[in-house]
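So this one's target-v9.cif, mmCIF, C-alpha atoms:
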```
data_query
#
loop_
_atom_site.label_atom_id
_atom_site.label_comp_id
_atom_site.auth_asym_id
_atom_site.auth_seq_id
_atom_site.Cartn_x
_atom_site.Cartn_y
_atom_site.Cartn_z
CA MET A 6 12.39 -13.64 -18.14
CA LEU A 7 9.87 -11.62 -16.18
CA ASN A 8 9.99 -8.03 -14.98
CA TYR A 9 9.33 -7.78 -11.25
CA ALA A 10 8.60 -4.93 -8.88
CA LEU A 11 8.31 -5.21 -5.11
CA LEU A 12 6.19 -3.25 -2.65
CA VAL A 13 7.63 -3.28 0.88
CA HIS A 14 5.40 -2.23 3.79
CA GLY A 15 7.45 -3.64 6.68
CA ALA A 16 9.97 -1.67 8.74
CA PRO A 17 13.46 -3.19 8.90
CA TYR A 18 14.03 -5.65 11.78
CA SER A 19 10.58 -5.01 13.33
CA HIS A 20 8.98 -7.63 11.10
CA GLN A 21 10.02 -10.37 8.76
CA ALA A 22 8.57 -8.54 5.72
CA ALA A 23 11.64 -6.49 4.75
CA LEU A 24 14.11 -9.37 5.07
CA SER A 25 11.79 -11.68 3.14
CA ALA A 26 11.49 -9.03 0.44
CA LEU A 27 15.28 -8.74 0.16
CA ARG A 28 15.69 -12.52 -0.01
CA PHE A 29 12.99 -12.68 -2.68
CA ALA A 30 14.71 -9.85 -4.56
CA ASP A 31 18.04 -11.71 -4.52
CA THR A 32 16.30 -14.81 -5.84
CA VAL A 33 14.59 -12.85 -8.62
CA VAL A 34 17.86 -11.47 -9.98
CA THR A 35 19.87 -14.69 -9.56
CA SER A 36 17.12 -16.64 -11.36
CA GLY A 37 17.59 -14.59 -14.50
CA HIS A 38 14.61 -12.29 -14.02
CA ARG A 39 14.72 -8.53 -13.84
CA LEU A 40 13.95 -6.61 -10.66
CA VAL A 41 12.96 -3.22 -12.02
CA SER A 42 12.05 -1.42 -8.82
CA VAL A 43 11.33 -1.70 -5.12
CA PHE A 44 8.74 0.72 -3.73
CA PHE A 45 8.97 1.40 0.01
CA TYR A 46 5.66 2.45 1.53
CA HIS A 47 3.99 2.56 4.95
CA ASP A 48 6.59 1.59 7.62
CA GLY A 49 8.74 0.15 4.82
CA VAL A 50 10.16 3.64 4.22
CA HIS A 51 12.53 3.07 7.16
CA ASN A 52 14.47 0.64 4.94
CA ALA A 53 15.91 3.72 3.25
CA SER A 54 17.55 5.22 6.33
CA ALA A 55 21.22 5.99 5.72
CA LEU A 56 21.68 5.84 9.48
CA MET A 57 20.66 2.20 9.80
CA SER A 58 23.31 0.56 12.00
CA PRO A 59 22.51 -3.05 12.80
CA PRO A 60 24.99 -5.24 14.75
CA GLN A 61 27.70 -6.65 12.47
CA ASP A 62 26.46 -10.22 12.72
CA GLU A 63 23.04 -9.29 11.29
CA VAL A 64 21.99 -8.73 7.69
CA HIS A 65 22.37 -5.05 6.79
CA LEU A 66 19.10 -4.39 5.00
CA ALA A 67 19.85 -0.92 3.63
CA GLU A 68 23.14 -2.18 2.16
CA GLY A 69 21.28 -5.15 0.71
CA TRP A 70 18.94 -2.83 -1.16
CA GLN A 71 21.83 -0.66 -2.34
CA ARG A 72 23.65 -3.73 -3.66
CA LEU A 73 20.62 -4.58 -5.81
CA HIS A 74 20.79 -1.12 -7.31
CA GLN A 75 24.55 -1.30 -7.93
CA ASP A 76 24.56 -4.80 -9.41
CA TYR A 77 21.23 -4.89 -11.24
CA GLY A 78 20.09 -1.28 -11.63
CA THR A 79 17.03 -1.80 -9.45
CA GLN A 80 15.32 1.51 -8.66
CA LEU A 81 14.84 2.10 -4.94
CA LEU A 82 11.73 4.25 -4.62
CA VAL A 83 10.58 5.69 -1.30
CA CYS A 84 7.10 7.18 -0.93
CA ILE A 85 7.68 10.82 -0.09
CA ALA A 86 4.41 11.32 1.83
CA ALA A 87 4.95 8.21 3.96
CA GLY A 88 8.64 9.11 4.39
CA LEU A 89 8.28 12.74 5.43
CA ARG A 90 5.85 12.05 8.25
CA ARG A 91 8.13 9.28 9.55
CA GLY A 92 11.29 11.38 9.38
CA LEU A 93 12.85 10.02 6.18
CA LEU A 94 14.19 13.02 4.27
CA SER A 95 16.66 13.66 1.49
CA ALA A 96 19.01 16.67 1.65
CA ASP A 97 16.61 18.61 -0.63
CA GLU A 98 13.59 17.86 1.52
CA ALA A 99 15.43 18.63 4.75
CA ASN A 100 16.43 21.95 3.24
CA ARG A 101 12.86 22.68 2.14
CA HIS A 102 11.57 21.94 5.64
CA GLY A 103 14.34 23.85 7.39
CA LEU A 104 15.78 20.77 9.08
CA ALA A 105 19.41 20.37 10.02
CA SER A 106 20.01 16.82 8.81
CA HIS A 107 18.78 14.21 6.36
CA ASN A 108 18.90 10.44 6.12
CA VAL A 109 17.85 9.47 2.59
CA GLU A 110 20.61 9.37 0.00
CA ALA A 111 21.05 7.96 -3.49
CA PRO A 112 20.42 5.33 -4.72
CA PHE A 113 17.21 5.66 -2.68
CA GLU A 114 14.89 8.28 -4.21
CA LEU A 115 11.93 10.00 -2.61
CA THR A 116 9.05 9.86 -5.03
CA GLY A 117 5.26 9.84 -5.29
CA ILE A 118 2.66 7.07 -5.17
CA GLY A 119 2.30 7.50 -8.92
CA GLN A 120 5.54 5.54 -9.26
CA LEU A 121 3.91 2.63 -7.42
CA VAL A 122 0.98 2.70 -9.84
CA ASP A 123 3.48 2.83 -12.67
CA ALA A 124 5.40 -0.16 -11.26
CA MET A 125 2.18 -2.12 -10.97
CA LEU A 126 1.07 -1.41 -14.53
CA ASN A 127 4.40 -1.76 -16.32
CA ASN A 128 5.84 -4.95 -14.84
CA ASP A 129 4.81 -8.57 -15.14
CA ARG A 130 4.53 -8.94 -11.36
CA LEU A 131 4.21 -6.64 -8.38
CA ILE A 132 4.75 -8.56 -5.16
CA THR A 133 3.76 -7.07 -1.79
CA PHE A 134 5.68 -7.77 1.43
CA ALA A 135 3.68 -6.67 4.46
CA PRO A 136 3.98 -7.47 8.15
CA MET B 14 -28.72 -9.35 3.63
CA THR B 15 -28.68 -10.13 -0.10
CA SER B 16 -25.24 -10.41 -1.56
CA VAL B 17 -24.24 -9.29 -5.03
CA HIS B 18 -24.00 -11.96 -7.66
CA VAL B 19 -20.53 -12.58 -9.00
CA SER B 20 -21.70 -12.01 -12.57
CA ASP B 21 -22.54 -8.40 -11.56
CA ILE B 22 -18.89 -7.70 -10.75
CA GLU B 23 -17.28 -5.44 -13.29
CA PRO B 24 -13.52 -5.98 -13.49
CA GLN B 25 -11.40 -2.97 -12.55
CA ASP B 26 -7.82 -2.09 -13.40
CA VAL B 27 -6.85 -2.18 -9.73
CA LEU B 28 -8.55 -3.58 -6.65
CA ILE B 29 -7.53 -2.09 -3.31
CA VAL B 30 -8.38 -4.24 -0.28
CA LEU B 31 -8.77 -2.34 3.00
CA ARG B 32 -8.61 -4.51 6.11
CA HIS B 33 -7.70 -2.06 8.89
CA PRO B 34 -9.92 0.22 10.97
CA PRO B 35 -9.65 4.00 10.54
CA HIS B 36 -7.83 4.51 13.83
CA GLY B 37 -4.89 2.83 15.51
CA SER B 38 -2.62 2.64 12.46
CA HIS B 39 -1.93 4.42 9.19
CA TRP B 40 -2.89 1.42 7.03
CA LEU B 41 -6.30 2.65 5.98
CA ARG B 42 -5.22 6.19 5.11
CA GLU B 43 -2.24 4.99 3.10
CA GLY B 44 -4.38 2.41 1.30
CA ILE B 45 -6.95 5.00 0.30
CA ASP B 46 -4.13 7.33 -0.83
CA VAL B 47 -3.02 4.67 -3.32
CA ALA B 48 -6.61 4.31 -4.56
CA LEU B 49 -6.93 8.06 -5.13
CA VAL B 50 -3.58 8.33 -6.93
CA ALA B 51 -4.33 5.31 -9.14
CA ALA B 52 -7.68 6.87 -10.07
CA ALA B 53 -5.96 10.18 -10.78
CA PHE B 54 -3.71 8.21 -13.18
CA GLY B 55 -6.82 7.16 -15.10
CA GLN B 56 -7.15 3.67 -13.67
CA ARG B 57 -10.53 2.14 -12.83
CA VAL B 58 -10.21 1.49 -9.12
CA GLY B 59 -12.40 -0.77 -7.01
CA LEU B 60 -12.34 -0.93 -3.21
CA LEU B 61 -13.05 -3.98 -1.08
CA PHE B 62 -13.62 -3.45 2.65
CA GLN B 63 -12.78 -6.55 4.62
CA GLY B 64 -12.32 -7.39 8.30
CA ASP B 65 -12.03 -4.31 10.53
CA GLY B 66 -11.81 -2.22 7.35
CA VAL B 67 -15.63 -2.10 7.37
CA TYR B 68 -15.45 0.31 10.34
CA ALA B 69 -14.14 2.93 7.91
CA LEU B 70 -17.62 3.04 6.39
CA LEU B 71 -19.37 4.10 9.58
CA GLU B 72 -20.50 7.72 9.63
CA GLY B 73 -18.38 10.35 11.37
CA GLN B 74 -14.84 9.02 11.23
CA GLN B 75 -13.30 12.26 12.41
CA SER B 76 -10.22 12.86 14.48
CA GLY B 77 -10.86 11.74 18.04
CA ALA B 78 -9.17 10.83 21.25
CA LEU B 79 -6.32 9.08 19.41
CA GLY B 80 -5.36 12.31 17.66
CA GLN B 81 -5.41 10.78 14.18
CA LYS B 82 -7.10 12.60 11.34
CA GLY B 83 -9.80 10.04 10.54
CA THR B 84 -10.64 8.80 7.05
CA HIS B 85 -14.13 10.21 6.51
CA PRO B 86 -12.90 13.21 4.44
CA GLN B 87 -10.79 10.87 2.30
CA LEU B 88 -13.71 8.51 1.66
CA ALA B 89 -15.91 11.47 0.83
CA MET B 90 -13.48 12.24 -2.03
CA LEU B 91 -13.91 8.85 -3.71
CA GLU B 92 -16.85 10.05 -5.78
CA MET B 93 -14.83 13.00 -7.08
CA TYR B 94 -12.24 10.51 -8.33
CA ASP B 95 -14.93 8.34 -9.98
CA ILE B 96 -14.28 5.48 -7.58
CA ASP B 97 -17.74 3.97 -7.35
CA SER B 98 -17.09 0.22 -7.40
CA LEU B 99 -17.26 -0.40 -3.67
CA TRP B 100 -17.61 -3.85 -2.17
CA VAL B 101 -17.80 -5.06 1.38
CA SER B 102 -17.47 -8.50 2.90
CA ALA B 103 -20.96 -9.43 4.11
CA ALA B 104 -19.45 -11.71 6.76
CA ALA B 105 -17.24 -8.90 8.11
CA LEU B 106 -20.32 -6.71 8.48
CA SER B 107 -22.50 -9.28 10.19
CA GLU B 108 -19.68 -10.41 12.51
CA ARG B 109 -19.58 -6.81 13.76
CA GLY B 110 -23.36 -6.39 14.02
CA LEU B 111 -23.47 -3.90 11.14
CA SER B 112 -25.69 -3.62 8.09
CA VAL B 113 -25.19 -1.82 4.77
CA ASP B 114 -27.91 0.71 5.70
CA GLU B 115 -25.66 2.15 8.42
CA LEU B 116 -22.75 2.88 6.09
CA MET B 117 -21.78 6.24 4.64
CA LEU B 118 -21.28 4.97 1.07
CA PRO B 119 -23.34 2.73 -1.21
CA VAL B 120 -21.35 -0.50 -0.97
CA LYS B 121 -22.29 -3.90 -2.35
CA PRO B 122 -22.08 -6.81 0.11
CA LEU B 123 -20.26 -9.92 -1.13
CA SER B 124 -20.34 -13.50 0.13
CA ALA B 125 -17.02 -15.19 0.90
CA GLU B 126 -17.17 -17.03 -2.45
CA ALA B 127 -17.87 -13.78 -4.29
CA VAL B 128 -14.91 -12.09 -2.54
CA ALA B 129 -12.64 -14.85 -3.83
CA GLU B 130 -14.02 -14.47 -7.35
CA LEU B 131 -13.74 -10.69 -7.19
CA ILE B 132 -10.03 -10.91 -6.38
CA GLN B 133 -9.54 -13.55 -9.07
CA ALA B 134 -11.18 -11.29 -11.66
CA GLN B 135 -8.80 -8.34 -11.10
CA PRO B 136 -5.51 -7.92 -12.93
CA HIS B 137 -3.98 -6.14 -9.91
CA THR B 138 -4.81 -6.32 -6.23
CA LEU B 139 -3.11 -4.33 -3.47
CA ILE B 140 -3.85 -5.27 0.12
CA PHE B 141 -3.72 -2.79 2.99
#
```
For this file, write the structure as C-alpha coordinates.
Amino acid sequence: MLNYALLVHGAPYSHQAALSALRFADTVVTSGHRLVSVFFYHDGVHNASALMSPPQDEVHLAEGWQRLHQDYGTQLLVCIAAGLRRGLLSADEANRHGLASHNVEAPFELTGIGQLVDAMLNNDRLITFAP
Amino acid sequence: MTSVHVSDIEPQDVLIVLRHPPHGSHWLREGIDVALVAAAFGQRVGLLFQGDGVYALLEGQQSGALGQKGTHPQLAMLEMYDIDSLWVSAAALSERGLSVDELMLPVKPLSAEAVAELIQAQPHTLIF
(Lines of atoms letter the chains of each structure in order from A and count residues from 1; the text may use other names and numbers.)
(Lines give C-alpha, C1' and ligand atoms only; values in the text may rest on other atoms or scores of the structure.)
Protein backbone atom coordinates (compact mmCIF):
# COMPACT_ATOMS: atom_id res chain seq x y z
CA MET A 1 0.00 0.00 0.00
CA LEU A 2 1.30 3.42 -0.95
CA ASN A 3 0.34 6.86 0.31
CA TYR A 4 -0.58 9.18 -2.53
CA ALA A 5 -1.16 12.91 -2.82
CA LEU A 6 -2.38 14.72 -5.92
CA LEU A 7 -1.63 18.22 -7.18
CA VAL A 8 -4.36 19.57 -9.48
CA HIS A 9 -3.60 22.61 -11.65
CA GLY A 10 -6.48 22.33 -14.13
CA ALA A 11 -9.81 24.16 -13.85
CA PRO A 12 -12.89 21.92 -13.95
CA TYR A 13 -14.31 21.27 -17.44
CA SER A 14 -11.86 23.67 -19.15
CA HIS A 15 -9.24 20.95 -19.45
CA GLN A 16 -8.97 17.22 -19.04
CA ALA A 17 -6.62 17.58 -16.03
CA ALA A 18 -9.24 17.74 -13.26
CA LEU A 19 -11.32 14.83 -14.56
CA SER A 20 -8.19 12.73 -15.10
CA ALA A 21 -7.11 13.54 -11.56
CA LEU A 22 -10.48 12.43 -10.16
CA ARG A 23 -10.39 9.20 -12.18
CA PHE A 24 -6.85 8.55 -10.97
CA ALA A 25 -7.95 9.29 -7.40
CA ASP A 26 -10.81 6.77 -7.65
CA THR A 27 -8.38 4.17 -8.96
CA VAL A 28 -5.90 4.84 -6.15
CA VAL A 29 -8.47 4.20 -3.43
CA THR A 30 -10.15 1.22 -5.13
CA SER A 31 -6.72 -0.39 -5.66
CA GLY A 32 -6.09 -0.53 -1.94
CA HIS A 33 -3.81 2.50 -1.72
CA ARG A 34 -4.37 5.55 0.41
CA LEU A 35 -5.14 8.96 -1.05
CA VAL A 36 -4.04 11.27 1.73
CA SER A 37 -4.68 14.64 0.14
CA VAL A 38 -5.49 16.56 -3.01
CA PHE A 39 -3.93 20.01 -3.31
CA PHE A 40 -5.71 22.41 -5.68
CA TYR A 41 -3.42 25.09 -7.08
CA HIS A 42 -3.28 27.47 -10.05
CA ASP A 43 -6.62 27.25 -11.96
CA GLY A 44 -7.30 23.97 -10.12
CA VAL A 45 -8.71 25.99 -7.21
CA HIS A 46 -11.99 26.30 -9.15
CA ASN A 47 -12.62 22.61 -8.40
CA ALA A 48 -13.57 23.73 -4.89
CA SER A 49 -16.45 26.00 -5.90
CA ALA A 50 -19.62 25.12 -4.00
CA LEU A 51 -21.53 26.80 -6.81
CA MET A 52 -20.36 24.40 -9.49
CA SER A 53 -23.49 23.38 -11.43
CA PRO A 54 -22.71 21.17 -14.41
CA PRO A 55 -25.52 19.65 -16.53
CA GLN A 56 -26.93 16.50 -14.92
CA ASP A 57 -25.54 14.17 -17.57
CA GLU A 58 -21.95 15.26 -16.85
CA VAL A 59 -19.60 14.19 -14.07
CA HIS A 60 -19.97 16.53 -11.09
CA LEU A 61 -16.34 17.17 -10.21
CA ALA A 62 -16.83 18.99 -6.90
CA GLU A 63 -19.10 16.18 -5.67
CA GLY A 64 -16.53 13.66 -6.83
CA TRP A 65 -13.88 15.28 -4.66
CA GLN A 66 -16.27 15.48 -1.70
CA ARG A 67 -17.08 11.78 -2.05
CA LEU A 68 -13.37 10.96 -1.73
CA HIS A 69 -13.27 12.89 1.51
CA GLN A 70 -16.43 11.24 2.87
CA ASP A 71 -15.49 7.68 1.91
CA TYR A 72 -11.72 7.72 2.35
CA GLY A 73 -10.89 10.75 4.50
CA THR A 74 -8.93 12.43 1.72
CA GLN A 75 -8.03 16.02 2.64
CA LEU A 76 -9.15 18.56 0.05
CA LEU A 77 -6.66 21.42 0.27
CA VAL A 78 -7.09 24.64 -1.69
CA CYS A 79 -4.23 27.13 -2.01
CA ILE A 80 -5.46 30.27 -0.33
CA ALA A 81 -3.31 32.70 -2.36
CA ALA A 82 -4.34 31.15 -5.68
CA GLY A 83 -7.96 30.91 -4.48
CA LEU A 84 -8.43 34.46 -3.19
CA ARG A 85 -7.27 36.14 -6.39
CA ARG A 86 -9.58 33.87 -8.42
CA GLY A 87 -12.61 34.46 -6.20
CA LEU A 88 -12.61 31.23 -4.17
CA LEU A 89 -13.37 32.21 -0.58
CA SER A 90 -14.57 30.50 2.56
CA ALA A 91 -17.07 32.23 4.87
CA ASP A 92 -14.18 33.36 7.11
CA GLU A 93 -12.21 34.83 4.23
CA ALA A 94 -15.27 36.52 2.74
CA ASN A 95 -15.91 38.07 6.12
CA ARG A 96 -12.30 39.22 6.44
CA HIS A 97 -12.45 40.84 3.01
CA GLY A 98 -15.87 42.39 3.57
CA LEU A 99 -17.54 40.36 0.83
CA ALA A 100 -21.18 39.36 0.84
CA SER A 101 -20.87 35.73 -0.19
CA HIS A 102 -18.51 32.78 -0.23
CA ASN A 103 -18.13 29.61 -2.26
CA VAL A 104 -15.66 27.35 -0.45
CA GLU A 105 -17.12 25.06 2.18
CA ALA A 106 -15.97 22.00 4.10
CA PRO A 107 -14.64 19.47 3.30
CA PHE A 108 -12.57 21.81 1.10
CA GLU A 109 -10.12 23.83 3.20
CA LEU A 110 -8.24 26.97 2.23
CA THR A 111 -4.63 26.52 3.21
CA GLY A 112 -1.08 27.57 2.38
CA ILE A 113 1.52 26.26 -0.05
CA GLY A 114 3.31 24.78 2.95
CA GLN A 115 0.71 22.02 2.90
CA LEU A 116 1.75 21.17 -0.67
CA VAL A 117 5.38 20.91 0.43
CA ASP A 118 4.23 18.75 3.32
CA ALA A 119 2.21 16.50 0.97
CA MET A 120 5.24 16.10 -1.27
CA LEU A 121 7.60 15.19 1.56
CA ASN A 122 5.33 12.93 3.59
CA ASN A 123 3.74 10.69 0.95
CA ASP A 124 5.18 7.98 -1.26
CA ARG A 125 3.96 9.73 -4.42
CA LEU A 126 2.82 13.20 -5.39
CA ILE A 127 1.22 13.16 -8.83
CA THR A 128 0.62 16.40 -10.75
CA PHE A 129 -2.34 16.90 -13.10
CA ALA A 130 -1.85 19.97 -15.27
CA PRO A 131 -3.53 21.14 -18.46
CA MET B 1 28.25 27.68 -24.87
CA THR B 2 29.78 25.13 -22.50
CA SER B 3 27.27 23.06 -20.64
CA VAL B 4 27.63 21.84 -17.08
CA HIS B 5 28.75 18.28 -16.62
CA VAL B 6 26.19 16.00 -15.05
CA SER B 7 28.62 14.98 -12.32
CA ASP B 8 28.62 18.64 -11.15
CA ILE B 9 24.90 18.45 -10.38
CA GLU B 10 24.22 18.43 -6.68
CA PRO B 11 20.94 16.71 -5.84
CA GLN B 12 18.32 18.92 -4.20
CA ASP B 13 15.31 18.05 -2.08
CA VAL B 14 12.96 19.55 -4.65
CA LEU B 15 13.42 20.57 -8.27
CA ILE B 16 11.00 23.16 -9.64
CA VAL B 17 10.78 23.28 -13.44
CA LEU B 18 9.62 26.61 -14.89
CA ARG B 19 8.45 26.44 -18.50
CA HIS B 20 6.26 29.53 -18.90
CA PRO B 21 7.21 33.12 -19.71
CA PRO B 22 6.75 35.82 -17.05
CA HIS B 23 3.72 37.35 -18.76
CA GLY B 24 0.54 35.94 -20.24
CA SER B 25 -0.28 33.50 -17.45
CA HIS B 26 0.21 33.01 -13.73
CA TRP B 27 2.26 29.82 -14.14
CA LEU B 28 5.66 31.33 -13.52
CA ARG B 29 4.67 33.36 -10.46
CA GLU B 30 2.89 30.42 -8.85
CA GLY B 31 5.81 28.12 -9.61
CA ILE B 32 8.30 30.48 -7.98
CA ASP B 33 5.94 30.86 -4.99
CA VAL B 34 6.20 27.11 -4.40
CA ALA B 35 10.01 27.31 -4.63
CA LEU B 36 10.14 30.11 -2.04
CA VAL B 37 7.79 28.33 0.37
CA ALA B 38 9.66 25.02 0.04
CA ALA B 39 12.92 26.85 0.79
CA ALA B 40 11.30 28.57 3.76
CA PHE B 41 10.42 25.06 5.00
CA GLY B 42 14.13 24.21 5.00
CA GLN B 43 14.21 22.27 1.74
CA ARG B 44 17.11 22.56 -0.70
CA VAL B 45 15.41 23.86 -3.82
CA GLY B 46 16.78 23.84 -7.35
CA LEU B 47 15.22 25.65 -10.30
CA LEU B 48 15.32 24.55 -13.92
CA PHE B 49 14.29 27.08 -16.58
CA GLN B 50 13.05 25.36 -19.70
CA GLY B 51 11.24 26.45 -22.87
CA ASP B 52 9.77 29.96 -22.64
CA GLY B 53 10.63 29.91 -18.92
CA VAL B 54 14.08 31.23 -19.88
CA TYR B 55 12.49 34.62 -20.65
CA ALA B 56 12.00 35.04 -16.90
CA LEU B 57 15.76 35.44 -16.61
CA LEU B 58 15.97 38.49 -18.86
CA GLU B 59 16.60 41.75 -17.03
CA GLY B 60 13.71 44.07 -16.22
CA GLN B 61 10.68 41.81 -15.96
CA GLN B 62 8.47 44.52 -14.51
CA SER B 63 4.77 45.08 -14.91
CA GLY B 64 4.05 46.24 -18.43
CA ALA B 65 1.31 46.63 -20.96
CA LEU B 66 -0.36 43.39 -19.85
CA GLY B 67 -0.87 44.75 -16.34
CA GLN B 68 0.73 41.74 -14.63
CA LYS B 69 3.22 42.27 -11.85
CA GLY B 70 6.26 40.67 -13.48
CA THR B 71 8.55 38.15 -11.81
CA HIS B 72 11.80 40.11 -11.49
CA PRO B 73 11.20 41.03 -7.81
CA GLN B 74 10.38 37.40 -7.02
CA LEU B 75 13.54 36.12 -8.72
CA ALA B 76 15.57 38.74 -6.91
CA MET B 77 14.43 37.11 -3.65
CA LEU B 78 15.84 33.68 -4.51
CA GLU B 79 19.22 34.50 -3.00
CA MET B 80 17.61 35.54 0.28
CA TYR B 81 16.00 32.09 0.42
CA ASP B 82 19.34 30.36 -0.34
CA ILE B 83 18.08 29.12 -3.69
CA ASP B 84 21.29 29.14 -5.68
CA SER B 85 21.10 25.92 -7.71
CA LEU B 86 19.82 27.40 -10.94
CA TRP B 87 19.89 25.54 -14.24
CA VAL B 88 18.77 26.47 -17.70
CA SER B 89 18.22 24.41 -20.81
CA ALA B 90 21.00 25.40 -23.21
CA ALA B 91 18.80 24.48 -26.17
CA ALA B 92 15.95 26.71 -24.93
CA LEU B 93 18.39 29.62 -24.73
CA SER B 94 19.95 29.15 -28.14
CA GLU B 95 16.56 28.55 -29.82
CA ARG B 96 15.60 32.03 -28.59
CA GLY B 97 18.90 33.69 -29.54
CA LEU B 98 19.89 34.23 -25.90
CA SER B 99 23.11 33.58 -24.02
CA VAL B 100 23.81 33.14 -20.30
CA ASP B 101 25.64 36.50 -20.21
CA GLU B 102 22.36 38.33 -20.82
CA LEU B 103 20.57 36.79 -17.84
CA MET B 104 19.93 38.41 -14.48
CA LEU B 105 21.03 35.40 -12.40
CA PRO B 106 24.05 33.09 -12.56
CA VAL B 107 22.48 30.01 -14.14
CA LYS B 108 24.23 26.89 -15.37
CA PRO B 109 23.35 25.78 -18.92
CA LEU B 110 22.51 22.09 -19.36
CA SER B 111 22.45 19.92 -22.46
CA ALA B 112 19.29 17.91 -23.17
CA GLU B 113 20.96 14.77 -21.77
CA ALA B 114 22.01 16.63 -18.62
CA VAL B 115 18.44 17.94 -18.15
CA ALA B 116 17.17 14.35 -18.22
CA GLU B 117 19.80 13.28 -15.69
CA LEU B 118 19.09 16.29 -13.49
CA ILE B 119 15.41 15.35 -13.24
CA GLN B 120 16.31 11.70 -12.65
CA ALA B 121 18.61 12.68 -9.78
CA GLN B 122 15.92 14.57 -7.81
CA PRO B 123 13.62 12.91 -5.29
CA HIS B 124 10.82 15.41 -6.11
CA THR B 125 10.12 17.43 -9.23
CA LEU B 126 7.27 19.89 -9.68
CA ILE B 127 6.60 21.23 -13.15
CA PHE B 128 5.07 24.64 -13.81
Hey, what's within 6 Å of stretch 108-121 of chain A if we count all atoms listed in the file and toss same-chain stuff fewer than 4 positions away? As a PyMOL selection string, please?
-> chain A and resi 54-55+81-85+94-95
Would you mind reading off the distance between atom CA of B:Asp65 and atom CA of B:Arg32, one decimal, in Å?
-> 5.6 Å
Can you list what the PyMOL selection byres ((chain B and resi 68) around 10) grabs from this structure, as an NGL selection string?
-> :B and (32-36 or 62-67 or 69-72 or 74 or 105-106 or 109 or 111 or 116)
A:Ala53, A:Ala105, A:Val33, A:Val122 ranked by distance to A:Arg91, top pick (using only C-alpha atoms) |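 Closest candidate: A:Ala53.
Near chain B, counting all atoms listed in the file at 10 Å, the chain A residues are Leu12, His14, Tyr46, His47, Asp48, Ala86, Ala87, Gly117, Ile118, Gly119, Gln120, Leu121, Val122, Asp123, Met125, Leu126, Arg130, Leu131, Ile132, Thr133, Phe134 and Ala135 of chain A.
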At what distance in Å, to one decimal, does atom CA of A:Val41 lie from atom CA of A:Ala99?
->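 Separating atom CA of A:Ala99 from atom CA of A:Val41 is a distance of 27.7 Å.
Residue nearest A:Phe44 within the list A:Leu11, A:Leu93, A:Thr32, A:Leu104: A:Leu11 [criterion: smallest interatomic distance, only C-alpha atoms].
Put simply, atom CA of A:Ala124 is 22.6 Å away from atom CA of B:Leu91.
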Using all atoms listed in the file, determine which residues lie at most 9 Å from B:Val113, disregarding the query and same-chain residues fewer than 6 positions distant; provide the list as a PyMOL selection string.
-> chain B and resi 14+101+103+106+119-122
8 Å contact set for A:Asn8, only C-alpha atoms, chain neighbours under 2 positions out, as a list in words = Met6, Ala10, His38, Arg39, Leu40, Val41, Asn128, Asp129 and Arg130 of chain A
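Each of A:His102, A:Tyr9, A:Tyr18, A:Val43 was compared to A:Pro59 using only C-alpha atoms, and A:Tyr18 turns out to be the nearest.
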Exercise: B:Val128 partners within 9 Å, all atoms listed in the file, chain neighbours under 5 positions left out, as a ChimeraX atom specification = /B:19,61,100-102,123,133
Which residue out of B:Ala134, B:Gly37, B:Met117, B:Gly55 has the minimum interatomic distance to B:Leu99 when only C-alpha atoms are used?
->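 Distance minimum relative to B:Leu99 lands on B:Met117.
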